[in-house]
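Q: Mind having a look at this structure? Questions to follow.
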Amino acid sequence: MTVGTDTGLQPRRKGLTRTQKRRLSRGAQYVVFVAAVVAFAAGADWGRLQNQFAQWDIAKQMFPDVITLALKNTVLYTVSGFVVGLTLGMVIALMRLSSVGPYRWLAGIYIEIFRGLPALLIFIFIGVAVPLAFPGTEIVGGTYGKVALALGLVAAAYMAETIRAGIQAVPKGQLEAARSLGFSPARAMVSIILPQAFRIILPPLTNSLVLLFKDSSLVLFLGVTLEERELSKYGRDLASTTANSTPILVAGLCYLLVTIPLGFLVRRMEAKARKAVK
């Protein structure tokens, strides 16, 4: 009689568990990343980079004008463009949601055109085409008005869709409840719907502000005076004068002084919004 060797027990599989495989994969990625950083640091000519981008004497010459003039103008251009874009975007969003067909069509055409065109073309259009089409007509505010209009036209197309999505995210019962209390449609929209919608869309609107802050560098295509220069134009002019790229690096750091805190604010607001939903 032959005695079977099968005891009914499956042999234990040898190998790594899923958790161990994930840890191994993550560790390999860290190793590759560190190796790439070390290779970059070892292969770069830091002396030449320092001579071209980190001349302290040139950087000192930029202060305080880089803050009191260039950064100030950049902030003014951005804020004015944001106000125009938000106002126009609100109107277009409401037109997009209107029950009147022509309003919806006009809003849709505007959004598709200005969302599809590069911002550079909008600046050229404002600076060249408008004066040719309307001779003798001056945009209120001079260069500041032109920049606000150009940035606003670009931003409005994106903000309109953001605002529309925020309004549609508010439960319809809110509007019905307001109407049952005697609110007119306009008053219900302003008093009930829009405040809730803006709490929802505040993070993406803040993100739009960051994008406008960077797009303000296109102001150079409008032709600006020395007193109207923003960060990029200011840095490029000094780089040409000094034959060194340190002013461009300093201008970039000034951008980061604004964009990094705004980015942190966006993440905090998004995290707070997620907690509110839960």
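Ligands are numbered from 1 in the order shown, chains are lettered A, B, ... in the order of the structure tokens, and residues start at 1 in each chain.
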Excluding Ile122 in chain A and residues on its chain fewer than 6 positions from it, collect all residues at most 12 Å away from it, counting only C-alpha atoms, and give them as an MDAnalysis selection string.

A: chainID A and resid 113:116 128:130 146:155 215 218:219 221:222

Q: Write out as a short mmCIF file (atom, residue, chain, number, x, y, z; two decimals) with C-alpha atoms, in the first residue's frame the residues lying within 10 Å of Leu205 in chain A, counting only C-alpha atoms and excluding same-chain residues fewer than 6 positions away.

A:
```cif
data_model
loop_
_atom_site.label_atom_id
_atom_site.label_comp_id
_atom_site.auth_asym_id
_atom_site.auth_seq_id
_atom_site.Cartn_x
_atom_site.Cartn_y
_atom_site.Cartn_z
CA PHE A 82 -8.87 90.26 -11.52
CA LEU A 86 -14.52 88.70 -11.97
CA ALA A 155 -9.73 85.83 -17.07
CA TYR A 158 -12.37 81.02 -17.27
CA MET A 159 -14.02 82.68 -14.29
CA THR A 162 -16.00 78.53 -12.66
CA ILE A 163 -18.82 80.73 -11.36
CA PHE A 198 -18.50 81.71 -3.93
CA LEU A 211 -2.26 82.78 -13.14
CA VAL A 266 -5.39 77.73 -2.12
#
```

Q: Just the residues within 10 Å of range 73-75 of chain A, please, counting only C-alpha atoms, with nothing from its chain fewer than 3 positions along; format it as a compact mmCIF listing (two decimals) with C-alpha atoms, in the first residue's frame.

A:
```
# COMPACT_ATOMS: atom_id res chain seq x y z
CA VAL A 66 12.24 96.15 -7.66
CA ILE A 67 9.73 96.22 -4.78
CA THR A 68 8.42 99.79 -4.77
CA LEU A 69 8.10 100.03 -8.56
CA ALA A 70 8.16 96.67 -10.38
CA THR A 78 -3.05 91.76 -11.41
CA VAL A 79 -5.65 93.11 -8.99
CA SER A 80 -7.22 95.40 -11.59
CA GLY A 81 -7.36 92.58 -14.13
CA TYR A 144 -3.11 100.42 -16.32
CA LEU A 212 -3.12 86.45 -13.73
CA PHE A 213 -0.13 87.48 -11.63
CA LYS A 214 2.14 85.64 -14.06
CA ASP A 215 0.26 86.76 -17.19
CA SER A 216 0.85 90.39 -16.19
CA SER A 217 4.34 89.98 -17.70
CA VAL A 219 2.26 94.12 -20.44
CA GLU A 227 7.55 104.01 -14.33
CA GLU A 228 5.03 101.47 -15.64
CA ARG A 229 7.34 98.46 -15.85
CA GLU A 230 6.38 95.24 -14.08
CA LEU A 231 8.73 92.59 -12.73
CA SER A 232 9.58 90.78 -15.97
CA TYR A 255 7.15 86.43 -8.20
CA VAL A 258 3.54 86.29 -3.97
```

Q: Can you tell me which residues surround Met189 in chain A at a distance of at most 12 Å, considering only C-alpha atoms, apart from same-chain residues fewer than 3 positions away, and format the answer as a list in words?

A: Met90, Leu94, Leu97, Ile167, Gln168, Val170, Lys172, Gln174, Leu175, Glu176, Ala177, Ala178, Arg179, Phe183, Ser184, Pro185, Ala186, Ile192, Ile193, Leu194, Pro195, Gln196, Ala197 and Phe198 of chain A

Q: With N, CA, C and O atoms retained, could you export that selection as a JSON list (two decimals), in the first residue's frame?

A:
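Once everything was written out, this is selection16.json:
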```json
[["chain", "number", "residue", "atom", "x", "y", "z"],
["A", 90, "MET", "N", -18.84, 87.21, -13.94],
["A", 90, "MET", "CA", -20.12, 87.04, -13.27],
["A", 90, "MET", "C", -21.28, 87.27, -14.24],
["A", 90, "MET", "O", -22.24, 86.49, -14.29],
["A", 94, "LEU", "N", -24.00, 84.37, -15.55],
["A", 94, "LEU", "CA", -25.46, 84.51, -15.44],
["A", 94, "LEU", "C", -26.12, 84.45, -16.81],
["A", 94, "LEU", "O", -27.22, 83.90, -16.95],
["A", 97, "LEU", "N", -26.43, 80.89, -17.84],
["A", 97, "LEU", "CA", -27.49, 80.17, -17.15],
["A", 97, "LEU", "C", -28.87, 80.73, -17.46],
["A", 97, "LEU", "O", -29.87, 80.22, -16.94],
["A", 167, "ILE", "N", -22.49, 78.00, -9.10],
["A", 167, "ILE", "CA", -23.93, 78.24, -8.95],
["A", 167, "ILE", "C", -24.71, 76.95, -9.11],
["A", 167, "ILE", "O", -25.65, 76.67, -8.34],
["A", 168, "GLN", "N", -24.33, 76.15, -10.10],
["A", 168, "GLN", "CA", -25.05, 74.88, -10.32],
["A", 168, "GLN", "C", -24.78, 73.87, -9.22],
["A", 168, "GLN", "O", -25.56, 72.92, -9.07],
["A", 170, "VAL", "N", -24.85, 74.58, -6.05],
["A", 170, "VAL", "CA", -25.75, 74.88, -4.93],
["A", 170, "VAL", "C", -27.06, 74.12, -5.14],
["A", 170, "VAL", "O", -27.64, 74.15, -6.23],
["A", 172, "LYS", "N", -30.73, 72.97, -5.69],
["A", 172, "LYS", "CA", -31.86, 73.74, -6.22],
["A", 172, "LYS", "C", -32.89, 74.06, -5.15],
["A", 172, "LYS", "O", -33.65, 75.03, -5.27],
["A", 174, "GLN", "N", -32.38, 75.35, -2.40],
["A", 174, "GLN", "CA", -32.09, 76.65, -1.80],
["A", 174, "GLN", "C", -32.86, 77.75, -2.51],
["A", 174, "GLN", "O", -33.44, 78.64, -1.88],
["A", 175, "LEU", "N", -32.86, 77.69, -3.84],
["A", 175, "LEU", "CA", -33.60, 78.70, -4.62],
["A", 175, "LEU", "C", -35.11, 78.56, -4.41],
["A", 175, "LEU", "O", -35.82, 79.55, -4.26],
["A", 176, "GLU", "N", -35.59, 77.32, -4.37],
["A", 176, "GLU", "CA", -37.02, 77.11, -4.17],
["A", 176, "GLU", "C", -37.46, 77.59, -2.80],
["A", 176, "GLU", "O", -38.54, 78.18, -2.65],
["A", 177, "ALA", "N", -36.61, 77.37, -1.79],
["A", 177, "ALA", "CA", -36.94, 77.84, -0.45],
["A", 177, "ALA", "C", -36.98, 79.36, -0.40],
["A", 177, "ALA", "O", -37.87, 79.95, 0.24],
["A", 178, "ALA", "N", -36.03, 80.00, -1.08],
["A", 178, "ALA", "CA", -36.01, 81.46, -1.10],
["A", 178, "ALA", "C", -37.25, 82.01, -1.81],
["A", 178, "ALA", "O", -37.85, 83.00, -1.36],
["A", 179, "ARG", "N", -37.65, 81.39, -2.90],
["A", 179, "ARG", "CA", -38.83, 81.85, -3.62],
["A", 179, "ARG", "C", -40.10, 81.68, -2.77],
["A", 179, "ARG", "O", -41.01, 82.51, -2.82],
["A", 183, "PHE", "N", -38.84, 85.84, -1.95],
["A", 183, "PHE", "CA", -37.71, 86.45, -2.63],
["A", 183, "PHE", "C", -37.95, 86.46, -4.14],
["A", 183, "PHE", "O", -38.45, 85.48, -4.71],
["A", 184, "SER", "N", -37.59, 87.55, -4.79],
["A", 184, "SER", "CA", -37.61, 87.58, -6.25],
["A", 184, "SER", "C", -36.43, 86.74, -6.77],
["A", 184, "SER", "O", -35.48, 86.48, -6.03],
["A", 185, "PRO", "N", -36.47, 86.31, -8.02],
["A", 185, "PRO", "CA", -35.35, 85.53, -8.56],
["A", 185, "PRO", "C", -34.01, 86.24, -8.42],
["A", 185, "PRO", "O", -32.99, 85.63, -8.07],
["A", 186, "ALA", "N", -33.98, 87.55, -8.72],
["A", 186, "ALA", "CA", -32.73, 88.30, -8.63],
["A", 186, "ALA", "C", -32.23, 88.38, -7.19],
["A", 186, "ALA", "O", -31.04, 88.18, -6.91],
["A", 192, "ILE", "N", -28.87, 84.49, -1.63],
["A", 192, "ILE", "CA", -28.84, 83.09, -1.20],
["A", 192, "ILE", "C", -27.85, 82.26, -2.02],
["A", 192, "ILE", "O", -26.96, 81.59, -1.46],
["A", 193, "ILE", "N", -27.97, 82.30, -3.34],
["A", 193, "ILE", "CA", -27.22, 81.39, -4.20],
["A", 193, "ILE", "C", -25.76, 81.81, -4.33],
["A", 193, "ILE", "O", -24.84, 81.00, -4.12],
["A", 194, "LEU", "N", -25.51, 83.07, -4.69],
["A", 194, "LEU", "CA", -24.14, 83.51, -4.96],
["A", 194, "LEU", "C", -23.21, 83.39, -3.74],
["A", 194, "LEU", "O", -22.06, 82.97, -3.89],
["A", 195, "PRO", "N", -23.66, 83.76, -2.53],
["A", 195, "PRO", "CA", -22.75, 83.57, -1.39],
["A", 195, "PRO", "C", -22.32, 82.12, -1.19],
["A", 195, "PRO", "O", -21.15, 81.84, -0.88],
["A", 196, "GLN", "N", -23.25, 81.19, -1.37],
["A", 196, "GLN", "CA", -22.88, 79.77, -1.25],
["A", 196, "GLN", "C", -21.99, 79.33, -2.40],
["A", 196, "GLN", "O", -21.05, 78.55, -2.21],
["A", 197, "ALA", "N", -22.28, 79.84, -3.60],
["A", 197, "ALA", "CA", -21.46, 79.47, -4.76],
["A", 197, "ALA", "C", -20.03, 79.96, -4.59],
["A", 197, "ALA", "O", -19.08, 79.24, -4.93],
["A", 198, "PHE", "N", -19.86, 81.17, -4.07],
["A", 198, "PHE", "CA", -18.50, 81.71, -3.93],
["A", 198, "PHE", "C", -17.71, 80.97, -2.87],
["A", 198, "PHE", "O", -16.48, 80.90, -2.95]]
```

Q: Could you please determine the separation between CA of Trp105 in chain A and CA of Thr87 in chain A in Å, to one decimal place?

A: 19.1 Å

Q: Separation of CA of Pro261 in chain A and CA of Thr206 in chain A, in Å?

A: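 Separation of CA of Pro261 in chain A and CA of Thr206 in chain A: 11.0 Å.
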
Q: Contacts of range 45-56 of chain A at 10 Å or less, counting only C-alpha atoms, minus same-chain residues fewer than 6 places along, as a list in words?

A: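 Returned residues: Ala239, Ala243, Asn244, Ser245, Thr246, Pro247, Ile248, Leu249 and Val250 of chain A.
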
Q: The selected residues should be written to file as a short mmCIF file (atom, residue, chain, number, x, y, z; two decimals), in the first residue's frame (atoms: all heavy atoms).

A:
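again21.cif, freshly written:
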```
data_model
loop_
_atom_site.label_atom_id
_atom_site.label_comp_id
_atom_site.auth_asym_id
_atom_site.auth_seq_id
_atom_site.Cartn_x
_atom_site.Cartn_y
_atom_site.Cartn_z
N ALA A 239 18.90 93.33 -16.98
CA ALA A 239 19.78 92.27 -17.49
C ALA A 239 20.49 92.73 -18.75
O ALA A 239 21.68 92.42 -18.96
CB ALA A 239 18.97 91.01 -17.75
N ALA A 243 24.41 93.24 -18.65
CA ALA A 243 24.94 92.05 -19.34
C ALA A 243 25.07 90.87 -18.38
O ALA A 243 26.03 90.10 -18.42
CB ALA A 243 26.28 92.35 -20.00
N ASN A 244 24.10 90.76 -17.50
CA ASN A 244 24.09 89.70 -16.50
C ASN A 244 22.65 89.31 -16.22
O ASN A 244 21.74 90.14 -16.31
CB ASN A 244 24.78 90.17 -15.21
CG ASN A 244 25.05 89.04 -14.24
OD1 ASN A 244 24.19 88.67 -13.45
ND2 ASN A 244 26.24 88.46 -14.31
N SER A 245 22.43 88.04 -15.87
CA SER A 245 21.07 87.53 -15.67
C SER A 245 20.60 87.59 -14.22
O SER A 245 19.51 87.10 -13.91
CB SER A 245 20.97 86.07 -16.17
OG SER A 245 21.26 86.00 -17.55
N THR A 246 21.40 88.17 -13.34
CA THR A 246 20.99 88.27 -11.94
C THR A 246 19.66 89.00 -11.77
O THR A 246 18.81 88.57 -10.97
CB THR A 246 22.08 88.97 -11.11
OG1 THR A 246 23.29 88.20 -11.18
CG2 THR A 246 21.66 89.10 -9.66
N PRO A 247 19.39 90.11 -12.49
CA PRO A 247 18.09 90.78 -12.33
C PRO A 247 16.90 89.88 -12.67
O PRO A 247 15.84 90.00 -12.05
CB PRO A 247 18.18 91.96 -13.30
CG PRO A 247 19.64 92.25 -13.41
CD PRO A 247 20.30 90.91 -13.35
N ILE A 248 17.07 88.97 -13.63
CA ILE A 248 15.98 88.06 -13.97
C ILE A 248 15.71 87.10 -12.81
O ILE A 248 14.56 86.79 -12.49
CB ILE A 248 16.32 87.29 -15.26
CG1 ILE A 248 16.40 88.27 -16.43
CG2 ILE A 248 15.27 86.21 -15.54
CD1 ILE A 248 16.80 87.63 -17.74
N LEU A 249 16.80 86.62 -12.18
CA LEU A 249 16.63 85.73 -11.03
C LEU A 249 15.94 86.45 -9.88
O LEU A 249 15.03 85.90 -9.25
CB LEU A 249 17.99 85.20 -10.57
CG LEU A 249 17.99 84.31 -9.33
CD1 LEU A 249 17.19 83.04 -9.57
CD2 LEU A 249 19.41 83.97 -8.90
N VAL A 250 16.33 87.68 -9.61
CA VAL A 250 15.71 88.45 -8.52
C VAL A 250 14.23 88.69 -8.82
O VAL A 250 13.37 88.57 -7.94
CB VAL A 250 16.45 89.78 -8.32
CG1 VAL A 250 15.73 90.64 -7.28
CG2 VAL A 250 17.89 89.52 -7.87
#
```

Q: Restricting the calculation to only C-alpha atoms, which member of A:Gly166, A:Gly43, A:Pro171, A:Pro102 is positioned closest to Arg199 in chain A?

A: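 Counting only C-alpha atoms, the residue closest to Arg199 in chain A is A:Gly166.
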